[in-house]
$ cat start-v2.cif   # mmCIF, C-alpha atoms and all ligand atoms
data_final
loop_
_atom_site.label_atom_id
_atom_site.label_comp_id
_atom_site.auth_asym_id
_atom_site.auth_seq_id
_atom_site.Cartn_x
_atom_site.Cartn_y
_atom_site.Cartn_z
CA MET E 1 14.32 -11.75 53.26
CA LEU E 2 15.42 -10.91 49.74
CA THR E 3 17.75 -13.68 48.68
CA ARG E 4 19.92 -13.43 45.59
CA ARG E 5 17.73 -16.06 43.95
CA THR E 6 14.49 -14.09 44.64
CA ALA E 7 16.07 -10.89 43.37
CA VAL E 8 17.09 -12.55 40.08
CA ARG E 9 13.62 -14.04 39.72
CA ASN E 10 11.96 -10.68 40.41
CA LEU E 11 14.20 -9.00 37.88
CA GLY E 12 13.24 -11.66 35.33
CA LEU E 13 9.53 -11.11 36.01
CA PHE E 14 9.94 -7.35 35.76
CA LEU E 15 11.75 -7.64 32.44
CA ALA E 16 9.21 -10.10 31.05
CA GLY E 17 6.47 -7.51 31.60
CA SER E 18 8.45 -4.60 30.27
CA PRO E 19 7.36 -2.83 27.10
CA LEU E 20 10.95 -3.03 25.85
CA LEU E 21 10.90 -6.80 25.82
CA GLU E 22 7.36 -6.78 24.46
CA ALA E 23 8.67 -4.73 21.56
CA GLN E 24 11.25 -7.44 20.93
CA HIS E 25 8.50 -10.03 20.45
CA ASP E 26 8.18 -11.13 16.84
CA LEU E 27 6.12 -13.55 14.82
CA THR E 28 8.96 -15.86 13.93
CA ASN E 29 11.61 -15.60 16.61
CA LYS E 30 14.36 -15.42 14.02
CA GLY E 31 16.42 -14.15 16.92
CA GLU E 32 17.87 -11.09 15.24
CA ARG E 33 18.38 -7.91 17.27
CA LEU E 34 15.63 -5.38 16.70
CA PRO E 35 17.29 -2.01 16.07
CA ALA E 36 15.82 0.99 17.87
CA ILE E 37 13.40 2.70 15.50
CA ASP E 38 15.57 5.85 15.53
CA GLU E 39 18.44 3.90 13.98
CA LEU E 40 16.47 3.67 10.73
CA VAL E 41 17.11 6.74 8.63
CA ASN E 42 14.84 6.22 5.65
CA VAL E 43 11.91 4.13 4.52
CA LEU E 44 14.05 1.59 2.71
CA ASP E 45 15.77 0.74 6.01
CA PHE E 46 12.49 -0.74 7.27
CA GLU E 47 12.40 -3.53 4.68
CA PRO E 48 15.23 -5.69 6.08
CA VAL E 49 14.00 -5.19 9.65
CA CYS E 50 10.52 -6.32 8.63
CA LYS E 51 12.03 -9.24 6.76
CA SER E 52 13.89 -10.37 9.87
CA ARG E 53 10.67 -10.45 11.89
CA ILE E 54 8.06 -12.10 9.69
CA PRO E 55 7.79 -15.56 8.11
CA ASN E 56 9.72 -15.91 4.85
CA ASN E 57 6.68 -16.62 2.70
CA SER E 58 4.88 -13.56 4.11
CA TYR E 59 7.90 -11.47 3.22
CA ASP E 60 7.95 -12.93 -0.29
CA PHE E 61 4.22 -12.31 -0.68
CA ILE E 62 4.73 -8.64 0.08
CA SER E 63 7.86 -8.00 -1.88
CA ALA E 64 7.26 -10.10 -4.99
CA GLY E 65 6.39 -8.84 -8.43
CA VAL E 66 5.09 -10.92 -11.30
CA ASP E 67 7.24 -13.04 -13.69
CA ASN E 68 10.66 -11.44 -14.24
CA GLU E 69 9.76 -8.56 -11.88
CA TRP E 70 10.68 -6.16 -14.69
CA THR E 71 7.83 -3.75 -13.93
CA LEU E 72 8.66 -3.96 -10.23
CA ARG E 73 12.20 -2.73 -10.99
CA ARG E 74 11.06 -0.21 -13.59
CA ASN E 75 8.77 1.44 -11.06
CA ARG E 76 11.93 2.51 -9.21
CA GLN E 77 14.28 3.05 -12.15
CA ALA E 78 11.92 5.39 -14.01
CA PHE E 79 12.34 8.05 -11.31
CA GLU E 80 15.99 8.35 -12.32
CA ARG E 81 15.04 9.80 -15.71
CA ILE E 82 13.40 12.79 -14.07
CA THR E 83 15.39 15.68 -12.63
CA PHE E 84 14.35 18.89 -10.90
CA ARG E 85 14.42 22.47 -12.15
CA ARG E 86 14.29 24.04 -8.73
CA ARG E 87 13.85 27.76 -8.18
CA MET E 88 15.66 29.85 -5.58
CA LEU E 89 14.78 32.76 -3.33
CA ALA E 90 11.15 31.93 -2.76
CA ASP E 91 10.13 32.22 0.90
CA THR E 92 10.05 28.64 2.13
CA SER E 93 10.59 29.38 5.80
CA LYS E 94 7.15 27.97 6.62
CA MET E 95 6.10 24.71 4.99
CA ASP E 96 2.52 23.49 4.61
CA LEU E 97 2.01 20.03 3.08
CA SER E 98 -1.66 19.73 3.97
CA ILE E 99 -4.27 18.72 1.43
CA THR E 100 -8.05 18.40 1.35
CA LEU E 101 -9.30 15.77 -1.06
CA PHE E 102 -12.92 14.63 -1.40
CA GLY E 103 -13.70 16.64 1.71
CA GLN E 104 -11.08 14.97 3.86
CA LYS E 105 -8.05 16.82 5.20
CA ALA E 106 -4.64 15.18 5.52
CA GLU E 107 -1.34 16.62 6.72
CA MET E 108 0.53 15.18 3.74
CA PRO E 109 -0.30 14.22 0.14
CA ILE E 110 0.95 10.70 0.89
CA PHE E 111 -1.67 8.09 1.75
CA ILE E 112 -1.58 4.42 2.75
CA ALA E 113 -2.47 2.24 -0.26
CA PRO E 114 -4.91 -0.64 0.22
CA THR E 115 -3.01 -3.84 0.93
CA SER E 116 -4.48 -7.15 2.04
CA SER E 117 -4.21 -9.07 5.33
CA HIS E 118 -2.09 -6.87 7.58
CA GLN E 119 -2.15 -9.55 10.26
CA MET E 120 0.24 -11.45 8.04
CA VAL E 121 2.96 -9.12 9.35
CA HIS E 122 1.68 -8.03 12.78
CA GLN E 123 -0.90 -9.36 15.22
CA GLU E 124 -2.72 -6.02 15.43
CA GLY E 125 -2.95 -5.84 11.64
CA GLU E 126 -5.10 -3.06 10.20
CA LEU E 127 -6.02 -1.82 13.69
CA ALA E 128 -2.42 -0.69 14.16
CA THR E 129 -2.19 0.71 10.63
CA ALA E 130 -5.41 2.70 11.05
CA ARG E 131 -4.21 4.11 14.38
CA ALA E 132 -0.92 5.11 12.77
CA ALA E 133 -2.72 6.86 9.91
CA ALA E 134 -4.74 8.82 12.46
CA GLN E 135 -1.59 9.55 14.49
CA VAL E 136 0.16 11.19 11.52
CA LYS E 137 -3.11 12.57 10.12
CA THR E 138 -3.11 10.90 6.78
CA ILE E 139 -5.59 8.76 4.88
CA MET E 140 -5.65 4.97 4.96
CA LEU E 141 -7.38 2.99 2.23
CA VAL E 142 -8.63 -0.25 3.76
CA SER E 143 -8.43 -3.30 1.51
CA SER E 144 -11.47 -5.49 0.82
CA ILE E 145 -9.26 -8.34 1.98
CA SER E 146 -8.50 -7.11 5.48
CA SER E 147 -7.62 -9.28 8.48
CA TYR E 148 -10.14 -7.45 10.70
CA PRO E 149 -13.75 -6.56 9.85
CA ILE E 150 -14.17 -3.04 8.52
CA GLU E 151 -16.27 -2.07 11.56
CA GLU E 152 -13.42 -2.90 13.94
CA ILE E 153 -10.87 -1.05 11.85
CA ALA E 154 -13.09 2.02 11.65
CA ALA E 155 -13.65 1.89 15.41
CA ALA E 156 -9.89 1.77 16.00
CA ALA E 157 -9.21 4.82 13.87
CA PRO E 158 -10.14 8.28 15.11
CA HIS E 159 -9.78 9.53 11.51
CA PRO E 160 -12.03 8.68 8.56
CA LEU E 161 -10.99 5.85 6.26
CA TRP E 162 -11.46 5.15 2.57
CA PHE E 163 -12.64 1.73 1.46
CA GLN E 164 -11.09 -0.25 -1.40
CA LEU E 165 -13.53 -2.53 -3.19
CA TYR E 166 -12.91 -5.86 -4.85
CA PRO E 167 -16.30 -6.99 -6.17
CA ASP E 168 -17.72 -10.31 -5.00
CA ALA E 169 -18.90 -13.00 -7.40
CA ASP E 170 -22.53 -11.98 -6.75
CA GLU E 171 -23.95 -8.48 -6.96
CA ASP E 172 -25.74 -8.63 -3.62
CA GLY E 173 -22.52 -9.53 -1.87
CA THR E 174 -20.73 -6.60 -3.50
CA ARG E 175 -23.48 -4.17 -2.60
CA GLU E 176 -23.55 -5.39 0.99
CA ARG E 177 -19.79 -4.97 1.21
CA VAL E 178 -20.02 -1.35 0.05
CA GLU E 179 -22.94 -0.57 2.37
CA ARG E 180 -21.16 -2.08 5.37
CA ALA E 181 -18.05 -0.01 4.72
CA LEU E 182 -20.04 3.21 4.40
CA ALA E 183 -22.13 2.39 7.48
CA ALA E 184 -18.87 1.85 9.38
CA GLY E 185 -17.90 5.42 8.48
CA CYS E 186 -15.72 5.06 5.37
CA LYS E 187 -15.88 8.24 3.32
CA LEU E 188 -15.00 7.01 -0.16
CA VAL E 189 -15.14 3.86 -2.30
CA CYS E 190 -12.08 2.98 -4.36
CA LEU E 191 -12.82 0.33 -6.98
CA THR E 192 -9.72 -1.61 -8.06
CA VAL E 193 -10.05 -2.59 -11.72
CA ASP E 194 -6.61 -3.84 -12.71
CA ASN E 195 -6.80 -7.47 -11.60
CA PRO E 196 -9.28 -9.55 -13.62
CA TYR E 197 -6.79 -12.35 -12.96
CA ARG E 198 -5.01 -13.12 -9.74
CA PHE E 199 -1.49 -12.14 -8.77
CA GLN E 200 0.81 -15.05 -9.51
CA SER E 201 4.34 -14.95 -8.25
CA GLU E 202 7.04 -17.42 -9.07
CA ARG E 203 8.68 -16.70 -5.71
CA LEU E 204 5.49 -17.83 -3.97
CA GLU E 205 5.11 -20.76 -6.30
CA ARG E 206 8.52 -22.01 -5.21
CA ASN E 207 7.67 -21.45 -1.54
CA ARG E 208 4.38 -23.28 -1.98
CA MET E 209 6.15 -26.25 -3.47
CA SER E 210 8.78 -26.34 -0.78
CA THR E 211 6.52 -25.66 2.22
CA GLY E 212 3.10 -26.63 0.91
CA GLY E 213 1.57 -23.35 1.91
CA GLN E 214 0.70 -19.78 1.05
CA PRO E 215 1.31 -17.20 3.78
CA GLY E 216 -0.65 -18.14 6.87
CA ASP E 217 -0.91 -21.82 5.96
CA ALA E 218 0.43 -24.26 8.49
CA GLY E 219 2.67 -26.21 6.12
CA SER E 220 2.05 -29.88 5.51
CA ALA E 221 -1.35 -30.01 7.26
CA ALA E 222 -2.56 -27.34 4.87
CA ARG E 223 -1.06 -29.27 1.94
CA ARG E 224 -2.98 -32.41 2.87
CA ARG E 225 -6.24 -30.46 2.91
CA ARG E 226 -5.74 -29.12 -0.62
CA THR E 227 -7.81 -30.43 -3.50
CA PRO E 228 -5.87 -31.88 -6.45
CA GLU E 229 -6.64 -28.70 -8.39
CA GLN E 230 -5.19 -26.56 -5.60
CA GLN E 231 -2.13 -28.75 -5.50
CA ALA E 232 -1.45 -28.29 -9.21
CA PRO E 233 1.27 -25.74 -9.89
CA ASN E 234 -0.28 -22.29 -10.19
CA ARG E 235 1.35 -21.55 -13.48
CA TYR E 236 -0.86 -24.02 -15.36
CA LEU E 237 -4.07 -22.48 -14.08
CA LEU E 238 -5.94 -19.38 -15.11
CA ARG E 239 -7.19 -17.77 -11.95
CA PRO E 240 -9.92 -15.25 -12.77
CA THR E 241 -11.34 -12.93 -10.13
CA PRO E 242 -14.94 -11.59 -10.09
CA THR E 243 -13.55 -8.44 -11.75
CA SER E 244 -12.97 -10.46 -14.93
CA ARG E 245 -16.72 -10.36 -15.63
CA LEU E 246 -17.13 -6.62 -15.18
CA THR E 247 -17.31 -3.86 -17.79
CA TRP E 248 -17.46 -0.07 -17.49
CA SER E 249 -21.20 -0.18 -16.79
CA PHE E 250 -20.36 -1.52 -13.33
CA LEU E 251 -19.26 2.00 -12.41
CA ASP E 252 -22.78 3.27 -13.19
CA GLN E 253 -24.20 0.56 -10.95
CA LEU E 254 -21.84 1.46 -8.15
CA ARG E 255 -22.82 5.10 -8.54
CA SER E 256 -26.48 4.17 -8.14
CA TRP E 257 -25.75 2.37 -4.83
CA SER E 258 -23.95 5.16 -3.06
CA LYS E 259 -23.33 8.86 -3.13
CA ALA E 260 -19.84 8.50 -1.67
CA PRO E 261 -17.01 9.72 -3.91
CA LEU E 262 -15.77 6.98 -6.25
CA LEU E 263 -12.10 6.43 -7.12
CA VAL E 264 -11.04 4.00 -9.86
CA LYS E 265 -7.70 2.36 -9.09
CA GLY E 266 -5.46 0.69 -11.64
CA ILE E 267 -5.65 3.10 -14.60
CA LEU E 268 -2.69 3.03 -16.99
CA THR E 269 -3.87 4.83 -20.16
CA ALA E 270 -5.47 8.12 -21.19
CA GLU E 271 -8.31 6.13 -22.79
CA ASP E 272 -9.29 4.39 -19.56
CA ALA E 273 -8.97 7.61 -17.61
CA GLY E 274 -11.47 9.08 -20.09
CA ARG E 275 -13.82 6.10 -19.64
CA SER E 276 -13.63 6.50 -15.85
CA LEU E 277 -14.63 10.13 -16.23
CA GLU E 278 -17.52 9.27 -18.59
CA HIS E 279 -18.85 6.76 -16.07
CA GLY E 280 -18.89 9.17 -13.18
CA ALA E 281 -15.61 8.49 -11.36
CA ASP E 282 -14.59 11.27 -8.99
CA GLY E 283 -10.91 10.44 -9.32
CA VAL E 284 -8.49 7.85 -10.68
CA VAL E 285 -5.43 6.14 -9.26
CA VAL E 286 -2.66 5.48 -11.76
CA SER E 287 -1.31 2.13 -10.58
CA ASN E 288 0.29 -1.06 -11.83
CA HIS E 289 -0.44 -2.71 -8.46
CA GLY E 290 3.21 -2.39 -7.45
CA GLY E 291 4.42 -4.49 -10.41
CA ARG E 292 2.31 -7.47 -9.36
CA LEU E 293 0.02 -8.09 -12.33
CA LEU E 294 1.38 -7.71 -15.86
CA ASP E 295 5.13 -7.76 -16.36
CA GLY E 296 5.57 -5.20 -19.12
CA ASP E 297 3.32 -2.60 -17.57
CA PRO E 298 5.11 0.77 -17.67
CA ALA E 299 6.28 2.50 -14.51
CA THR E 300 3.40 4.65 -13.33
CA ILE E 301 5.53 7.81 -13.24
CA GLU E 302 6.04 7.34 -17.03
CA VAL E 303 2.31 7.42 -17.84
CA LEU E 304 1.14 9.82 -15.16
CA GLU E 305 1.31 12.96 -17.30
CA GLU E 306 -0.61 11.37 -20.17
CA ILE E 307 -3.43 10.57 -17.75
CA VAL E 308 -3.36 13.96 -16.05
CA ASN E 309 -3.71 15.58 -19.49
CA ALA E 310 -6.52 13.22 -20.47
CA VAL E 311 -8.72 14.21 -17.52
CA GLY E 312 -7.84 17.86 -18.04
CA GLY E 313 -8.13 18.86 -14.38
CA LYS E 314 -11.77 17.69 -14.16
CA ILE E 315 -11.02 15.07 -11.49
CA PRO E 316 -7.98 14.46 -9.28
CA VAL E 317 -5.37 11.95 -10.35
CA LEU E 318 -3.57 9.93 -7.68
CA VAL E 319 -0.68 7.57 -8.31
CA ASP E 320 1.16 4.66 -6.70
CA SER E 321 3.75 1.93 -7.37
CA GLY E 322 7.37 2.24 -6.36
CA PHE E 323 7.29 5.46 -4.30
CA ARG E 324 9.96 5.28 -1.59
CA ARG E 325 11.34 8.84 -1.28
CA GLY E 326 10.01 12.33 -0.75
CA THR E 327 11.69 13.27 -4.03
CA ASP E 328 9.70 10.53 -5.84
CA VAL E 329 6.52 12.07 -4.44
CA LEU E 330 7.56 15.58 -5.48
CA LYS E 331 8.18 14.39 -9.06
CA ALA E 332 4.66 12.96 -9.23
CA LEU E 333 3.12 16.13 -7.78
CA ALA E 334 5.01 18.20 -10.37
CA LEU E 335 3.65 15.96 -13.13
CA GLY E 336 0.12 16.66 -11.96
CA ALA E 337 -0.74 14.04 -9.32
CA LYS E 338 -2.73 15.35 -6.35
CA ALA E 339 -1.48 12.63 -3.99
CA VAL E 340 0.63 9.48 -3.86
CA LEU E 341 -0.18 6.13 -2.25
CA VAL E 342 2.43 3.84 -0.73
CA GLY E 343 1.81 0.11 -0.42
CA ARG E 344 4.80 -1.90 0.80
CA PRO E 345 6.51 0.75 2.98
CA PRO E 346 3.74 0.90 5.62
CA LEU E 347 3.73 -2.91 5.69
CA TRP E 348 7.47 -2.89 6.37
CA GLY E 349 6.87 -0.40 9.19
CA LEU E 350 4.05 -2.54 10.57
CA GLY E 351 6.03 -5.77 10.42
CA ALA E 352 9.04 -4.15 12.04
CA TYR E 353 7.50 -2.04 14.84
CA GLY E 354 3.70 -2.20 14.65
CA GLN E 355 1.82 1.10 14.81
CA ALA E 356 4.97 3.08 15.62
CA GLY E 357 6.67 1.70 12.51
CA VAL E 358 3.83 2.66 10.17
CA ALA E 359 3.73 6.14 11.69
CA ARG E 360 7.50 6.54 11.35
CA VAL E 361 7.51 5.43 7.71
CA MET E 362 4.87 8.02 6.86
CA GLU E 363 6.63 10.74 8.89
CA LEU E 364 9.92 10.05 7.11
CA LEU E 365 8.26 10.40 3.70
CA GLN E 366 6.55 13.58 4.86
CA ALA E 367 9.82 15.05 6.15
CA GLU E 368 11.67 14.16 2.95
CA LEU E 369 8.92 15.72 0.84
CA ALA E 370 8.97 18.88 2.97
CA ARG E 371 12.75 19.19 2.55
CA ALA E 372 12.58 18.61 -1.21
CA MET E 373 9.79 21.19 -1.56
CA GLY E 374 11.67 23.66 0.62
CA LEU E 375 14.79 23.30 -1.52
CA SER E 376 12.71 23.79 -4.67
CA GLY E 377 11.03 27.06 -3.74
CA CYS E 378 7.66 25.43 -3.01
CA PRO E 379 6.22 26.25 0.44
CA ASN E 380 2.93 24.47 -0.23
CA LEU E 381 1.30 22.02 -2.64
CA ALA E 382 -0.33 24.76 -4.72
CA SER E 383 3.09 26.16 -5.64
CA ILE E 384 4.27 22.89 -7.26
CA ASN E 385 3.87 22.82 -11.03
CA ARG E 386 5.07 21.13 -14.22
CA ALA E 387 8.01 23.53 -14.60
CA LEU E 388 9.65 21.91 -11.56
CA VAL E 389 10.76 18.79 -13.45
CA ARG E 390 12.40 17.80 -16.70
CA ALA E 391 12.28 14.29 -18.09
CA ALA E 392 15.32 12.87 -19.88
CA PRO E 393 14.49 11.72 -23.43
C1 LIG Q 401 1.11 -7.27 -0.25
C2 LIG Q 401 0.25 -6.43 -1.13
C3 LIG Q 401 -1.13 -6.55 -1.07
C4 LIG Q 401 -1.95 -5.75 -1.88
N1 LIG Q 401 -3.30 -5.85 -1.74
C5 LIG Q 401 -4.10 -5.01 -2.45
C6 LIG Q 401 -5.51 -5.01 -2.25
O1 LIG Q 401 -6.04 -5.77 -1.44
N2 LIG Q 401 -6.25 -4.16 -2.98
C7 LIG Q 401 -5.70 -3.28 -3.91
O2 LIG Q 401 -6.42 -2.51 -4.56
N3 LIG Q 401 -4.36 -3.26 -4.10
C8 LIG Q 401 -3.56 -4.09 -3.39
N4 LIG Q 401 -2.19 -4.01 -3.55
C9 LIG Q 401 -1.63 -2.97 -4.42
C10 LIG Q 401 -1.41 -1.67 -3.63
O3 LIG Q 401 -2.63 -1.03 -3.35
C11 LIG Q 401 -0.56 -0.66 -4.41
O4 LIG Q 401 -1.12 -0.46 -5.68
C12 LIG Q 401 0.90 -1.08 -4.55
O5 LIG Q 401 1.34 -1.78 -3.41
C13 LIG Q 401 1.75 0.17 -4.75
O6 LIG Q 401 3.07 -0.16 -4.95
P1 LIG Q 401 4.20 -0.11 -3.82
O7 LIG Q 401 3.98 -1.32 -2.97
O8 LIG Q 401 5.45 -0.20 -4.64
O9 LIG Q 401 4.05 1.18 -3.07
C14 LIG Q 401 -1.37 -4.83 -2.79
C15 LIG Q 401 0.02 -4.71 -2.85
C16 LIG Q 401 0.82 -5.48 -2.03
C17 LIG Q 401 2.31 -5.31 -2.11
#
$ encode --input "start-v2.cif" --output "structure tokens"
Amino acid sequence: MLTRRTAVRNLGLFLAGSPLLEAQHDLTNKGERLPAIDELVNVLDFEPVCKSRIPNNSYDFISAGVDNEWTLRRNRQAFERITFRRRMLADTSKMDLSITLFGQKAEMPIFIAPTSSHQMVHQEGELATARAAAQVKTIMLVSSISSYPIEEIAAAAPHPLWFQLYPDADEDGTRERVERALAAGCKLVCLTVDNPYRFQSERLERNRMSTGGQPGDAGSAARRRRTPEQQAPNRYLLRPTPTSRLTWSFLDQLRSWSKAPLLVKGILTAEDAGRSLEHGADGVVVSNHGGRLLDGDPATIEVLEEIVNAVGGKIPVLVDSGFRRGTDVLKALALGAKAVLVGRPPLWGLGAYGQAGVARVMELLQAELARAMGLSGCPNLASINRALVRAAP
């Protein structure tokens, strides 16, 4: 007989197994209501939802810039100096945002930038991000510092990936890393060159001192395991990476290891764009690493045109750092970029809703870009040109 007590218990069991409740599960149990994904109207709305669902030091790790975070802010503010010169009465009834770059087709010129350790914000980490990229048919660049092995990420994604390379301390290790990524099916190698020294954030420094841990550390136990050098405040230490020992000839070496297209990420001047070209790069990414390395770096949208002019159309120029709106993307495309990468927004989507959140973030950017192009008389990417924007002095 179904007693009231059994009915309540059965209801509880049913709810516990329901996907709705599963979706409410978060890493921290901060207890805040998770809004339905449809309640979020733009990409920026995902940041506070992500923040409410992940540990505070993980959130700080993602959002922080270096020092005063001046470059971090400038990445956003610089877009305000650029306005559109849109043209009317062009047939924009049918929009096509698709692009083919290095032999790979995407449905939008907006790709997922390489960011480390996606499991920091969601258990499924890069597996979910890769599935989302495939779902919306865009390109994901997988970081060298991923939570899952590259083979597992590639197996999860029914859409080819690009691989971002941070060199190892030894050459054999670096070569093996590249070969593994290509064997797993990655179609391109993107060498990041802008961080000969590690990202150091004062926000994280304060967290480390108050909790004894970097993201993922288990607090005081982790603190006890630290060597005296690790316990010293970061700001007194120089923290070089293996990149600090490299020079431009490393690009030639990389070229000799693989025939895959080679992108160089972290270019900020015409001179270095020229050097990339001389050493066989197939493309460059204008990037200040999202304002995380040198406070005083310009916003990337400010230097984009200089770099586009320097390579003179010989190789594609991509750009990232601070892109949050379809109109930001359109400004970059008008200034000569072929595509834009976004770093933090997909992480916000992932932390907030997993795969569905990453997909929604990318779809929102795509929809905003389509609307902005439609309003500007540009039905496809080929119709966007320099005359579409003016920069305030
Ligand atoms: C949390 C985080 C981790 C990152 N990890 C990497 C990385 O592993 N490799 C890399 O080349 N760039 C890395 N970046 C830089 C991004 O690729 C990209 O340049 C930057 O995030 C773009 O700025 P945005 O976040 O404002 O879109 C990271 C950025 C963030 C925020």
$ residues_around --input "start-v2.cif" --residues "region 285-300 of chain E" --least-positions-apart "3" --cutoff "9 Å" --atoms "all atoms listed in the file" --output "MDAnalysis selection string"
chainID E and resid 64:79 190 192 194:195 197:201 263:269 273 303:304 307 316:322 340:341 343:344
$ atom_distance --input "start-v2.cif" --atom1 "CA of Gln366 (chain E)" --atom2 "atom C10 of ligand LIG 401 (chain Q)"
19.2 Å
$ atom_distance --input "start-v2.cif" --atom1 "CA of Ala184 (chain E)" --atom2 "CA of Glu151 (chain E)"
5.2 Å
$ closest_residue --input "start-v2.cif" --among "E:Glu80, E:Asp91, E:Glu306, E:Asp45" --to "Met373 (chain E)" --atoms "all atoms listed in the file"
E:Asp91
$ closest_residue --input "start-v2.cif" --among "E:Gly283, E:Pro346, E:Pro196, E:Gly351" --to "Thr243 (chain E)" --atoms "all atoms listed in the file"
E:Pro196
$ atom_distance --input "start-v2.cif" --atom1 "CA of Val41 (chain E)" --atom2 "CA of Arg386 (chain E)"
29.6 Å
$ closest_residue --input "start-v2.cif" --among "E:Ala133, E:Cys186, E:Met108, E:Ala169" --to "Ala339 (chain E)" --atoms "all atoms listed in the file"
E:Met108
$ closest_residue --input "start-v2.cif" --among "E:Ser144, E:Gln253, E:Asn56, E:Asn42" --to "ligand LIG 401 (chain Q)" --atoms "only C-alpha atoms and all ligand atoms"
E:Ser144
$ closest_residue --input "start-v2.cif" --among "E:Ala334, E:Ala106, E:Cys50, E:Cys378" --to "Ser93 (chain E)" --atoms "all atoms listed in the file"
E:Cys378
$ closest_residue --input "start-v2.cif" --among "E:Phe163, E:Tyr353, E:Phe102, E:Phe46" --to "ligand LIG 401 (chain Q)" --atoms "only C-alpha atoms and all ligand atoms"
E:Phe163
$ residues_around --input "start-v2.cif" --residues "Glu47 (chain E)" --least-positions-apart "5" --cutoff "8 Å" --atoms "only C-alpha atoms" --output "PDB file with C-alpha atoms, in the frame of the given file"
ATOM      1  CA  PRO E 345       6.510   0.750   2.980  1.00  0.00           C
ATOM      2  CA  TRP E 348       7.470  -2.890   6.370  1.00  0.00           C
ATOM      3  CA  GLY E 349       6.870  -0.400   9.190  1.00  0.00           C
TER       4      GLY E 349
END
$ residues_around --input "start-v2.cif" --residues "Lys94 (chain E)" --least-positions-apart "6" --cutoff "10 Å" --atoms "all atoms listed in the file" --output "list in words"
Ala370, Gly374, Cys378, Pro379 and Asn380 of chain E
$ residues_around --input "start-v2.cif" --residues "Leu262 (chain E)" --least-positions-apart "4" --cutoff "6 Å" --atoms "only C-alpha atoms" --output "MDAnalysis selection string"
chainID E and resid 189:190 281:282
